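**Student:** Input structure: upload03.csv, which contains CSV, C-alpha atoms and all ligand atoms.
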chain,number,residue,atom,x,y,z
A,52,MET,CA,4.0,24.2,4.5
A,53,GLN,CA,5.0,20.6,4.9
A,54,SER,CA,6.4,19.1,8.1
A,55,GLU,CA,8.8,16.1,8.3
A,56,ILE,CA,7.1,12.8,7.6
A,57,PRO,CA,6.8,10.7,10.8
A,58,THR,CA,7.9,7.1,10.7
A,59,VAL,CA,7.1,3.8,12.5
A,60,LYS,CA,9.8,1.4,13.5
A,61,LEU,CA,9.7,-2.1,12.1
A,62,LYS,CA,10.3,-5.0,14.4
A,63,GLY,CA,13.4,-7.0,13.6
A,64,SER,CA,15.4,-4.6,11.6
A,65,GLY,CA,14.3,-1.5,13.5
A,66,ASP,CA,14.1,0.3,10.1
A,67,GLU,CA,11.9,3.5,10.0
A,68,LEU,CA,8.9,3.2,7.7
A,69,PRO,CA,7.4,6.6,6.6
A,70,VAL,CA,3.7,6.8,7.5
A,71,ILE,CA,2.6,7.8,4.1
A,72,GLY,CA,3.7,6.3,0.8
A,73,PHE,CA,3.2,6.9,-3.0
A,74,GLY,CA,1.8,3.9,-4.9
A,75,ALA,CA,3.0,3.2,-8.4
A,76,GLY,CA,0.0,0.9,-8.8
A,77,THR,CA,-3.7,1.1,-9.4
A,78,LYS,CA,-4.2,4.2,-11.5
A,79,TRP,CA,-1.6,3.1,-14.0
A,80,ARG,CA,-2.4,-0.5,-14.0
A,81,ILE,CA,-6.0,0.1,-14.7
A,82,ALA,CA,-6.3,3.4,-16.5
A,83,LYS,CA,-3.1,3.4,-18.6
A,84,ALA,CA,-1.7,0.0,-18.8
A,85,SER,CA,-4.5,-2.1,-20.4
A,86,GLY,CA,-4.4,-4.9,-17.8
A,87,GLU,CA,-2.0,-7.8,-18.1
A,88,THR,CA,-0.6,-6.8,-21.4
A,89,LYS,CA,1.4,-3.7,-20.4
A,90,ASP,CA,5.0,-4.1,-21.5
A,91,GLN,CA,5.7,-0.7,-23.0
A,92,TYR,CA,7.7,1.8,-20.9
A,93,ILE,CA,5.7,4.8,-19.8
A,94,GLU,CA,7.9,7.9,-19.5
A,95,GLU,CA,5.1,9.8,-17.9
A,96,LEU,CA,5.0,7.4,-15.0
A,97,ALA,CA,8.7,7.5,-14.5
A,98,GLN,CA,8.4,11.3,-14.3
A,99,GLN,CA,5.5,10.9,-11.9
A,100,VAL,CA,7.6,8.8,-9.5
A,101,ALA,CA,10.4,11.4,-9.7
A,102,ASN,CA,7.8,14.1,-9.1
A,103,ALA,CA,6.4,12.3,-6.1
A,104,ILE,CA,9.9,12.1,-4.6
A,105,SER,CA,10.6,15.8,-5.3
A,106,ALA,CA,7.3,16.6,-3.7
A,107,GLY,CA,8.7,15.0,-0.6
A,108,PHE,CA,7.5,11.3,-0.8
A,109,ASN,CA,10.3,9.1,0.6
A,110,HIS,CA,8.2,5.9,0.5
A,111,ILE,CA,7.3,4.2,-2.8
A,112,ASP,CA,5.0,1.2,-3.2
A,113,ALA,CA,5.5,-1.1,-6.2
A,114,ALA,CA,4.4,-4.6,-7.1
A,115,GLU,CA,5.0,-7.2,-9.8
A,116,ALA,CA,1.3,-6.9,-10.8
A,117,TYR,CA,1.6,-3.2,-11.7
A,118,LYS,CA,4.2,-3.9,-14.3
A,119,THR,CA,5.8,-0.6,-13.6
A,120,HIS,CA,9.3,-1.6,-12.3
A,121,GLN,CA,11.2,0.0,-15.0
A,122,GLU,CA,9.4,3.3,-14.4
A,123,VAL,CA,9.9,3.1,-10.7
A,124,GLY,CA,13.6,2.4,-11.1
A,125,ALA,CA,14.0,5.3,-13.5
A,126,GLY,CA,11.9,7.6,-11.4
A,127,ILE,CA,14.1,6.9,-8.3
A,128,LYS,CA,17.3,7.3,-10.4
A,129,ASN,CA,16.1,10.6,-12.0
A,130,SER,CA,15.0,12.0,-8.6
A,131,ASP,CA,17.2,14.3,-6.6
A,132,THR,CA,17.1,11.9,-3.6
A,133,PRO,CA,19.7,9.2,-3.0
A,134,ARG,CA,18.4,5.6,-3.0
A,135,ASP,CA,19.2,5.1,0.7
A,136,LYS,CA,16.9,7.9,1.7
A,137,ILE,CA,13.9,6.2,0.0
A,138,PHE,CA,11.9,3.4,1.5
A,139,LEU,CA,11.0,1.1,-1.4
A,140,THR,CA,8.4,-1.6,-1.1
A,141,ASP,CA,7.8,-4.3,-3.8
A,142,LYS,CA,5.4,-7.3,-3.9
A,143,TYR,CA,5.4,-10.8,-5.2
A,144,THR,CA,2.3,-11.3,-7.2
A,145,PRO,CA,1.4,-15.0,-7.3
A,146,TRP,CA,-0.9,-14.7,-10.3
A,147,SER,CA,2.2,-13.7,-12.3
A,148,TRP,CA,2.4,-17.5,-12.6
A,149,ALA,CA,-0.5,-17.2,-15.1
A,150,TRP,CA,1.6,-15.0,-17.4
A,151,ARG,CA,5.2,-16.3,-16.9
A,152,LYS,CA,5.2,-19.5,-14.9
A,153,GLY,CA,7.6,-18.1,-12.4
A,154,THR,CA,9.0,-20.2,-9.6
A,155,GLY,CA,8.1,-17.8,-6.7
A,156,PRO,CA,9.2,-14.7,-4.8
A,157,LEU,CA,12.9,-15.3,-5.1
A,158,GLU,CA,12.8,-15.3,-8.9
A,159,SER,CA,10.2,-12.5,-9.0
A,160,LEU,CA,12.3,-10.2,-6.9
A,161,THR,CA,15.4,-11.0,-8.8
A,162,LEU,CA,13.6,-9.9,-12.0
A,163,SER,CA,12.1,-6.8,-10.4
A,164,LEU,CA,15.5,-5.7,-9.1
A,165,GLU,CA,16.9,-6.2,-12.6
A,166,LYS,CA,14.2,-4.1,-14.1
A,167,MET,CA,14.6,-1.4,-11.5
A,168,ASN,CA,18.3,-1.5,-11.8
A,169,LEU,CA,18.6,-1.7,-8.0
A,170,SER,CA,20.3,-4.1,-5.6
A,171,TYR,CA,17.7,-4.3,-2.8
A,172,VAL,CA,14.2,-3.3,-1.7
A,173,ASP,CA,13.4,-2.1,1.8
A,174,LEU,CA,10.3,-4.3,2.1
A,175,TYR,CA,9.1,-7.2,0.1
A,176,LEU,CA,5.5,-8.5,0.5
A,177,LEU,CA,3.4,-11.4,-0.6
A,178,HIS,CA,0.7,-9.6,-2.5
A,179,VAL,CA,-2.2,-12.0,-1.4
A,180,PRO,CA,-2.5,-15.1,0.7
A,181,ASN,CA,-4.1,-17.2,-2.1
A,182,ILE,CA,-0.9,-19.0,-3.0
A,183,THR,CA,-1.6,-22.5,-4.2
A,184,PRO,CA,0.1,-24.9,-6.6
A,185,GLU,CA,-2.9,-24.4,-8.9
A,186,SER,CA,-2.7,-20.5,-8.9
A,187,ALA,CA,1.0,-19.9,-8.3
A,188,GLY,CA,2.9,-23.2,-8.9
A,189,ILE,CA,3.9,-23.2,-5.2
A,190,ASP,CA,2.1,-23.2,-1.9
A,191,LEU,CA,2.1,-20.6,0.8
A,192,LYS,CA,4.6,-22.4,2.9
A,193,GLU,CA,7.1,-22.5,0.1
A,194,ALA,CA,6.4,-18.9,-0.8
A,195,TRP,CA,7.2,-17.8,2.8
A,196,ARG,CA,10.4,-20.0,2.8
A,197,GLN,CA,11.5,-18.1,-0.2
A,198,MET,CA,10.7,-14.8,1.5
A,199,GLU,CA,13.0,-15.8,4.4
A,200,GLU,CA,15.7,-16.7,1.9
A,201,ILE,CA,15.3,-13.2,0.4
A,202,LEU,CA,15.8,-11.7,3.8
A,203,ASP,CA,18.8,-13.9,4.5
A,204,ARG,CA,20.3,-12.9,1.2
A,205,LYS,CA,19.7,-9.2,2.0
A,206,MET,CA,17.7,-8.7,-1.2
A,207,ALA,CA,15.1,-7.2,1.0
A,208,LYS,CA,15.7,-5.5,4.4
A,209,ASN,CA,12.3,-6.5,5.7
A,210,ILE,CA,9.6,-9.0,4.7
A,211,GLY,CA,5.8,-8.9,5.1
A,212,VAL,CA,2.5,-9.7,3.5
A,213,SER,CA,-0.5,-8.0,2.0
A,214,ASN,CA,-4.3,-8.7,2.1
A,215,PHE,CA,-3.7,-11.4,4.8
A,216,ASP,CA,-6.4,-12.4,7.2
A,217,VAL,CA,-5.9,-13.7,10.7
A,218,GLU,CA,-6.0,-17.3,9.6
A,219,SER,CA,-3.2,-16.9,7.0
A,220,LEU,CA,-1.1,-14.9,9.5
A,221,GLU,CA,-1.4,-17.6,12.0
A,222,TYR,CA,-0.3,-20.1,9.4
A,223,ILE,CA,2.9,-18.1,8.8
A,224,GLN,CA,3.4,-17.9,12.5
A,225,LYS,CA,3.3,-21.7,12.6
A,226,VAL,CA,5.5,-22.6,9.7
A,227,GLY,CA,7.8,-19.6,9.5
A,228,LYS,CA,11.3,-18.9,10.9
A,229,TYR,CA,10.8,-15.2,10.6
A,230,GLN,CA,7.5,-13.3,11.0
A,231,PRO,CA,6.0,-10.7,8.7
A,232,VAL,CA,6.6,-7.1,9.9
A,233,VAL,CA,3.9,-5.5,7.7
A,234,ASN,CA,0.4,-6.4,6.5
A,235,GLN,CA,-0.8,-4.1,3.7
A,236,ILE,CA,-4.6,-4.2,3.5
A,237,GLU,CA,-7.5,-2.1,2.1
A,238,PHE,CA,-8.3,0.5,4.7
A,239,ASN,CA,-10.4,3.6,4.7
A,240,ALA,CA,-13.5,4.9,6.5
A,241,TYR,CA,-15.7,2.7,4.4
A,242,MET,CA,-13.5,-0.4,4.8
A,243,GLN,CA,-12.4,-0.4,8.5
A,244,GLN,CA,-11.9,-4.2,8.8
A,245,GLN,CA,-10.9,-6.0,5.6
A,246,SER,CA,-11.3,-9.3,7.4
A,247,PRO,CA,-12.6,-10.1,10.9
A,248,GLY,CA,-10.2,-9.0,13.7
A,249,ILE,CA,-7.3,-8.2,11.4
A,250,LEU,CA,-6.4,-4.8,13.0
A,251,LYS,CA,-6.4,-6.2,16.5
A,252,TYR,CA,-4.3,-9.2,15.5
A,253,CYS,CA,-1.7,-7.1,13.7
A,254,ARG,CA,-1.5,-4.6,16.6
A,255,GLU,CA,-1.1,-7.4,19.2
A,256,ASN,CA,1.6,-9.1,17.1
A,257,ASP,CA,3.6,-5.9,16.3
A,258,ILE,CA,2.8,-6.1,12.6
A,259,VAL,CA,2.6,-2.6,11.1
A,260,ILE,CA,-0.7,-2.1,9.1
A,261,GLU,CA,-0.4,-0.3,5.8
A,262,GLY,CA,-3.7,0.9,4.3
A,263,TYR,CA,-4.2,1.1,0.6
A,264,SER,CA,-7.2,3.0,-1.0
A,265,PRO,CA,-7.3,5.5,1.8
A,266,LEU,CA,-9.2,8.0,-0.4
A,267,ALA,CA,-12.0,5.6,-1.5
A,268,PRO,CA,-14.7,7.7,0.2
A,269,LEU,CA,-13.8,10.5,-2.3
A,270,THR,CA,-13.4,8.3,-5.3
A,271,LYS,CA,-15.1,4.9,-5.9
A,272,GLY,CA,-17.0,5.1,-2.6
A,273,ARG,CA,-18.9,8.2,-3.5
A,274,PRO,CA,-21.8,8.9,-2.8
A,275,GLY,CA,-21.8,8.0,0.9
A,276,PRO,CA,-22.6,9.2,4.4
A,277,LEU,CA,-19.3,11.0,4.8
A,278,ASP,CA,-20.4,13.4,2.1
A,279,ASP,CA,-22.7,15.1,4.6
A,280,ILE,CA,-20.1,15.6,7.4
A,281,LEU,CA,-16.8,16.3,5.5
A,282,PRO,CA,-17.6,19.9,4.5
A,283,GLY,CA,-18.1,20.9,8.1
A,284,ILE,CA,-14.8,19.2,9.1
A,285,VAL,CA,-13.0,20.7,6.1
A,286,ASN,CA,-14.2,24.2,7.2
A,287,LYS,CA,-13.1,23.7,10.8
A,288,TYR,CA,-9.5,22.6,10.1
A,289,LYS,CA,-9.0,24.5,6.9
A,290,LYS,CA,-7.8,21.3,5.3
A,291,SER,CA,-9.1,19.5,2.2
A,292,GLU,CA,-11.2,16.3,2.2
A,293,LEU,CA,-8.2,14.4,1.0
A,294,GLN,CA,-6.1,15.7,3.9
A,295,ILE,CA,-8.8,14.9,6.5
A,296,LEU,CA,-9.2,11.4,5.2
A,297,LEU,CA,-5.4,10.7,5.1
A,298,ARG,CA,-5.1,12.1,8.6
A,299,TRP,CA,-7.9,9.9,9.8
A,300,VAL,CA,-6.1,6.8,8.4
A,301,ILE,CA,-2.8,7.8,10.1
A,302,GLN,CA,-4.5,8.6,13.4
A,303,ASN,CA,-5.7,5.0,13.3
A,304,GLY,CA,-2.1,4.0,13.5
A,305,VAL,CA,-2.2,2.9,9.9
A,306,VAL,CA,0.4,3.8,7.3
A,307,ALA,CA,-1.4,5.4,4.3
A,308,VAL,CA,-0.5,4.2,0.8
A,309,THR,CA,-2.0,6.7,-1.6
A,310,THR,CA,-1.3,8.0,-5.2
A,311,SER,CA,-1.9,10.8,-7.5
A,312,GLY,CA,-1.0,11.9,-11.0
A,313,LYS,CA,-1.3,15.5,-10.0
A,314,GLN,CA,1.6,17.4,-8.5
A,315,GLU,CA,-0.6,19.7,-6.4
A,316,ARG,CA,-2.4,16.7,-4.9
A,317,LEU,CA,0.9,15.1,-4.0
A,318,MET,CA,2.0,18.2,-2.2
A,319,GLU,CA,-1.4,18.4,-0.5
A,320,SER,CA,-1.2,14.7,0.6
A,321,LEU,CA,2.1,15.5,2.5
A,322,ASP,CA,0.7,18.6,4.2
A,323,ILE,CA,-1.1,16.7,6.9
A,324,PHE,CA,1.4,16.6,9.7
A,325,ASP,CA,0.7,20.1,11.2
A,326,PHE,CA,-2.7,19.3,12.6
A,327,GLN,CA,-4.6,16.6,14.4
A,328,LEU,CA,-8.3,15.6,14.3
A,329,SER,CA,-9.9,16.0,17.7
A,330,ASP,CA,-11.1,12.8,19.4
A,331,GLU,CA,-14.7,13.9,18.7
A,332,ASP,CA,-14.1,14.5,14.9
A,333,PHE,CA,-12.0,11.3,14.7
A,334,LYS,CA,-14.9,9.3,16.2
A,335,LEU,CA,-17.5,11.1,14.0
A,336,ILE,CA,-15.6,10.0,10.8
A,337,THR,CA,-15.2,6.5,12.2
A,338,GLU,CA,-18.9,6.1,13.1
A,339,THR,CA,-20.3,7.8,10.0
A,340,GLY,CA,-17.9,5.8,7.8
A,341,LYS,CA,-19.4,2.6,9.3
A,342,GLY,CA,-22.7,3.6,7.6
A,343,LYS,CA,-21.3,2.3,4.3
A,344,LEU,CA,-19.1,-0.6,3.4
A,345,PHE,CA,-17.2,-0.4,0.2
A,346,ARG,CA,-14.8,-3.1,-0.9
A,347,GLY,CA,-12.7,-2.4,-3.9
A,348,PHE,CA,-10.3,-5.4,-3.8
A,349,ILE,CA,-10.0,-9.1,-2.9
A,350,GLY,CA,-13.8,-9.6,-3.0
A,351,ASP,CA,-13.4,-13.3,-4.0
A,352,ARG,CA,-11.9,-14.0,-0.6
A,353,TYR,CA,-13.5,-11.4,1.6
A,354,ASP,CA,-17.0,-10.6,0.3
A,355,LYS,CA,-18.3,-13.3,2.6
A,356,PHE,CA,-17.6,-10.9,5.5
A,357,ASN,CA,-19.6,-8.0,4.1
A,358,ASP,CA,-22.6,-8.6,6.3
A,359,VAL,CA,-20.7,-9.6,9.4
B,1,LIG,P1,-6.2,6.2,-3.1
B,1,LIG,O1,-7.4,5.9,-2.3
B,1,LIG,O2,-5.2,7.1,-2.5
B,1,LIG,O3,-6.7,6.8,-4.4
B,1,LIG,C1,-5.9,7.6,-5.3
B,1,LIG,C2,-6.7,8.1,-6.4
B,1,LIG,O4,-7.6,9.1,-5.8
B,1,LIG,C3,-5.9,8.8,-7.4
B,1,LIG,O5,-6.2,8.2,-8.7
B,1,LIG,C4,-6.4,10.3,-7.4
B,1,LIG,O6,-6.6,10.8,-8.7
B,1,LIG,C5,-7.8,10.1,-6.7
B,1,LIG,N1,-8.1,11.3,-6.0
B,1,LIG,C6,-7.4,12.0,-5.0
B,1,LIG,N2,-8.1,13.0,-4.5
B,1,LIG,C7,-9.3,13.0,-5.2
B,1,LIG,C8,-10.4,13.9,-5.1
B,1,LIG,N3,-10.5,14.9,-4.2
B,1,LIG,N4,-11.4,13.6,-5.9
B,1,LIG,C9,-11.4,12.6,-6.8
B,1,LIG,N5,-10.3,11.7,-6.9
B,1,LIG,C10,-9.3,12.0,-6.1
B,1,LIG,O7,-5.4,4.9,-3.5
B,1,LIG,P2,-5.5,3.7,-4.6
B,1,LIG,O8,-6.6,2.8,-4.4
B,1,LIG,O9,-5.3,4.3,-5.9
B,1,LIG,O10,-4.2,2.9,-4.2
B,1,LIG,C11,-2.9,3.6,-3.8
B,1,LIG,C12,-1.8,2.6,-3.9
B,1,LIG,O11,-2.0,1.5,-3.0
B,1,LIG,C13,-1.6,1.9,-5.3
B,1,LIG,O12,-1.0,2.7,-6.2
B,1,LIG,C14,-0.9,0.7,-4.9
B,1,LIG,O13,0.5,1.0,-4.8
B,1,LIG,C15,-1.5,0.3,-3.5
B,1,LIG,N6,-2.5,-0.7,-3.7
B,1,LIG,C16,-2.2,-2.0,-3.1
B,1,LIG,C17,-3.1,-3.0,-3.3
B,1,LIG,C18,-2.8,-4.4,-2.7
B,1,LIG,O14,-3.5,-5.3,-3.0
B,1,LIG,N7,-1.8,-4.5,-1.9
B,1,LIG,C19,-4.4,-2.8,-3.9
B,1,LIG,C20,-4.7,-1.5,-4.4
B,1,LIG,C21,-3.7,-0.5,-4.2
B,1,LIG,P3,-5.6,11.8,-9.4
B,1,LIG,O15,-4.4,10.9,-9.9
B,1,LIG,O16,-6.4,12.4,-10.4
B,1,LIG,O17,-5.1,12.8,-8.3
Could you express the structure from this file as structure tokens?

**Tutor:**
Amino acid sequence: MQSEIPTVKLKGSGDELPVIGFGAGTKWRIAKASGETKDQYIEELAQQVANAISAGFNHIDAAEAYKTHQEVGAGIKNSDTPRDKIFLTDKYTPWSWAWRKGTGPLESLTLSLEKMNLSYVDLYLLHVPNITPESAGIDLKEAWRQMEEILDRKMAKNIGVSNFDVESLEYIQKVGKYQPVVNQIEFNAYMQQQSPGILKYCRENDIVIEGYSPLAPLTKGRPGPLDDILPGIVNKYKKSELQILLRWVIQNGVVAVTTSGKQERLMESLDIFDFQLSDEDFKLITETGKGKLFRGFIGDRYDKFNDV
């Protein structure tokens, strides 16, 4: 039996962000969409977005890189939930410059909204901090200026970043008029600190942390030390491994961004608000998880921290 999804309040707008979200990203981009060339509409994905919403997800995570805007828009439209009851996140993907020489976030979001047939997103993020004239046609300062314009024009109700380290957040703090309210980073028991001090910095600056790849210990991170302790915890709480890992992420004060193509797993993912891991079990997962480091994304920038 599912309970209501808790939310966290975003600074500035005071909007409520649901603590678990459905990602319209990785699986489709990698498994179905054949990389950068995806341009065909995938009905199955639109259906999957609608299914996620009917399962109870009211937080959807999209990005330019996933090339799934049409499906996200159609999925929302075909669902039985009104647009204003769904928290929709989208991201400016700077490497889109490589495929369409765009002029930055403002133009990217304009195109995304067109494709989704929507008038605003709840949250717009810079996908990565590596935004340079060489890689994106603009620098980070100009990208953030455009994000602020997006907020002023009410095309997004909130603005934030993804995969940012302390250094890049401090840079925004220095040059920005508005500050990011969210940092979406890789976070799971095998990746507890994407870059040094990032969780502490975000918490101290009231930046909500969203964690993608929360289930890596069950997927790409397997085998690993958690394999030995999860069966005992599963047995104790009568919850699945997936539920225990999502719960651990959320008990860290991190918003979990997950995904699944299977309806029963979507339902299972939302059935995590009627129990709590004890301090002892929470610590056991934390400490055991530190026995393996698995980084699935942004290695070019962050692999240098793997041994730190
Ligand atoms: P997860 O860690 O939640 O992994 C989801 C995958 O786990 C699904 O493909 C699912 O497969 C599989 N899975 C679930 N349970 C099990 C199990 N018991 N055994 C084996 N496999 C299982 O998240 P992702 O890494 O996929 O990312 C989620 C979202 O986060 C993306 O869609 C995207 O929106 C966002 N993201 C953001 C990034 C960024 O740079 N900002 C980078 C990466 C992701 P199945 O479909 O078969 O259930």

**Student:** Using all atoms listed in the file for the distances, tell me which of A:Phe73, A:Leu266, A:Asp354, A:His110 is nearest to Leu297 in chain A.

**Tutor:**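 Smallest separation from Leu297 in chain A among the options: A:Leu266.
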
**Student:** What separation in Å, quoted to one decimal, exists between CA of Ile93 in chain A and atom O10 of ligand LIG 1 (chain B)?

**Tutor:**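 A separation of 18.6 Å between them.
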
**Student:** Write as a VMD selection string the residues around ligand LIG 1 (chain B), taking 6 Å as the cut-off and counting all atoms listed in the file.

**Tutor:** chain A and resid 74 to 78 112 to 113 178 213 235 263 to 267 269 to 270 293 308 to 313 316

**Student:** Considering all atoms listed in the file, can you say which of A:Leu139, A:Ala103, A:Val226, A:Ile249 comes closest to Ile210 in chain A?

**Tutor:** A:Leu139

**Student:** Quick one: residues within 8 Å of Gly188 in chain A, all atoms listed in the file, excluding same-chain residues fewer than 5 positions away - as a ChimeraX atom specification?

**Tutor:** /A:148,152-155,183

**Student:** Residues at most 12 Å from Trp146 in chain A, counting all atoms listed in the file, excluding those fewer than 6 positions away in the same chain, as a PDB file with C-alpha atoms, in the frame of the given file?

**Tutor:**
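Resulting contents of selection-v4.pdb:
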ATOM      1  CA  GLU A  87      -2.000  -7.800 -18.100  1.00  0.00           C
ATOM      2  CA  ALA A 114       4.400  -4.600  -7.100  1.00  0.00           C
ATOM      3  CA  GLU A 115       5.000  -7.200  -9.800  1.00  0.00           C
ATOM      4  CA  ALA A 116       1.300  -6.900 -10.800  1.00  0.00           C
ATOM      5  CA  TYR A 117       1.600  -3.200 -11.700  1.00  0.00           C
ATOM      6  CA  LYS A 152       5.200 -19.500 -14.900  1.00  0.00           C
ATOM      7  CA  GLY A 153       7.600 -18.100 -12.400  1.00  0.00           C
ATOM      8  CA  THR A 154       9.000 -20.200  -9.600  1.00  0.00           C
ATOM      9  CA  GLY A 155       8.100 -17.800  -6.700  1.00  0.00           C
ATOM     10  CA  PRO A 156       9.200 -14.700  -4.800  1.00  0.00           C
ATOM     11  CA  SER A 159      10.200 -12.500  -9.000  1.00  0.00           C
ATOM     12  CA  LEU A 177       3.400 -11.400  -0.600  1.00  0.00           C
ATOM     13  CA  HIS A 178       0.700  -9.600  -2.500  1.00  0.00           C
ATOM     14  CA  VAL A 179      -2.200 -12.000  -1.400  1.00  0.00           C
ATOM     15  CA  PRO A 180      -2.500 -15.100   0.700  1.00  0.00           C
ATOM     16  CA  ASN A 181      -4.100 -17.200  -2.100  1.00  0.00           C
ATOM     17  CA  ILE A 182      -0.900 -19.000  -3.000  1.00  0.00           C
ATOM     18  CA  THR A 183      -1.600 -22.500  -4.200  1.00  0.00           C
ATOM     19  CA  PRO A 184       0.100 -24.900  -6.600  1.00  0.00           C
ATOM     20  CA  GLU A 185      -2.900 -24.400  -8.900  1.00  0.00           C
ATOM     21  CA  SER A 186      -2.700 -20.500  -8.900  1.00  0.00           C
ATOM     22  CA  ALA A 187       1.000 -19.900  -8.300  1.00  0.00           C
ATOM     23  CA  GLY A 188       2.900 -23.200  -8.900  1.00  0.00           C
ATOM     24  CA  ILE A 189       3.900 -23.200  -5.200  1.00  0.00           C
TER      25      ILE A 189
END

**Student:** What is the distance between CA of Lys287 in chain A and CA of Gln243 in chain A, in Å to one decimal?

**Tutor:** 24.2 Å

**Student:** Figure out the distance between CA of Tyr143 in chain A and CA of Glu158 in chain A, please, to one decimal in Å.

**Tutor:**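 Atom-to-atom, CA of Glu158 in chain A and CA of Tyr143 in chain A are spaced 9.4 Å apart.
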
**Student:** Using the structure just given, write a file holding N, CA and C atoms for range 101-112 of chain A, as a PDB file, in the first residue's frame.

**Tutor:**
ATOM      1  N   ALA A 101       3.472   7.851 -18.979  1.00  0.00           N
ATOM      2  CA  ALA A 101       2.077   7.880 -18.504  1.00  0.00           C
ATOM      3  C   ALA A 101       1.875   6.808 -17.421  1.00  0.00           C
ATOM      4  N   ASN A 102       2.492   5.646 -17.627  1.00  0.00           N
ATOM      5  CA  ASN A 102       2.364   4.564 -16.627  1.00  0.00           C
ATOM      6  C   ASN A 102       2.995   4.966 -15.301  1.00  0.00           C
ATOM      7  N   ALA A 103       4.145   5.636 -15.391  1.00  0.00           N
ATOM      8  CA  ALA A 103       4.822   6.065 -14.159  1.00  0.00           C
ATOM      9  C   ALA A 103       3.923   7.029 -13.398  1.00  0.00           C
ATOM     10  N   ILE A 104       3.280   7.932 -14.131  1.00  0.00           N
ATOM     11  CA  ILE A 104       2.401   8.901 -13.471  1.00  0.00           C
ATOM     12  C   ILE A 104       1.197   8.169 -12.864  1.00  0.00           C
ATOM     13  N   SER A 105       0.650   7.194 -13.610  1.00  0.00           N
ATOM     14  CA  SER A 105      -0.510   6.503 -13.019  1.00  0.00           C
ATOM     15  C   SER A 105      -0.090   5.606 -11.852  1.00  0.00           C
ATOM     16  N   ALA A 106       1.186   5.189 -11.834  1.00  0.00           N
ATOM     17  CA  ALA A 106       1.658   4.421 -10.672  1.00  0.00           C
ATOM     18  C   ALA A 106       1.756   5.331  -9.439  1.00  0.00           C
ATOM     19  N   GLY A 107       1.800   6.651  -9.669  1.00  0.00           N
ATOM     20  CA  GLY A 107       1.853   7.582  -8.543  1.00  0.00           C
ATOM     21  C   GLY A 107       3.007   8.568  -8.603  1.00  0.00           C
ATOM     22  N   PHE A 108       3.899   8.411  -9.595  1.00  0.00           N
ATOM     23  CA  PHE A 108       5.019   9.368  -9.701  1.00  0.00           C
ATOM     24  C   PHE A 108       4.468  10.739 -10.096  1.00  0.00           C
ATOM     25  N   ASN A 109       4.851  11.770  -9.332  1.00  0.00           N
ATOM     26  CA  ASN A 109       4.423  13.125  -9.679  1.00  0.00           C
ATOM     27  C   ASN A 109       5.635  14.028  -9.883  1.00  0.00           C
ATOM     28  N   HIS A 110       6.764  13.388 -10.197  1.00  0.00           N
ATOM     29  CA  HIS A 110       8.023  14.113 -10.413  1.00  0.00           C
ATOM     30  C   HIS A 110       8.731  13.397 -11.564  1.00  0.00           C
ATOM     31  N   ILE A 111       8.921  14.116 -12.666  1.00  0.00           N
ATOM     32  CA  ILE A 111       9.516  13.530 -13.879  1.00  0.00           C
ATOM     33  C   ILE A 111      10.815  14.278 -14.179  1.00  0.00           C
ATOM     34  N   ASP A 112      11.840  13.520 -14.538  1.00  0.00           N
ATOM     35  CA  ASP A 112      13.155  14.110 -14.802  1.00  0.00           C
ATOM     36  C   ASP A 112      13.517  13.920 -16.280  1.00  0.00           C
TER      37      ASP A 112
END
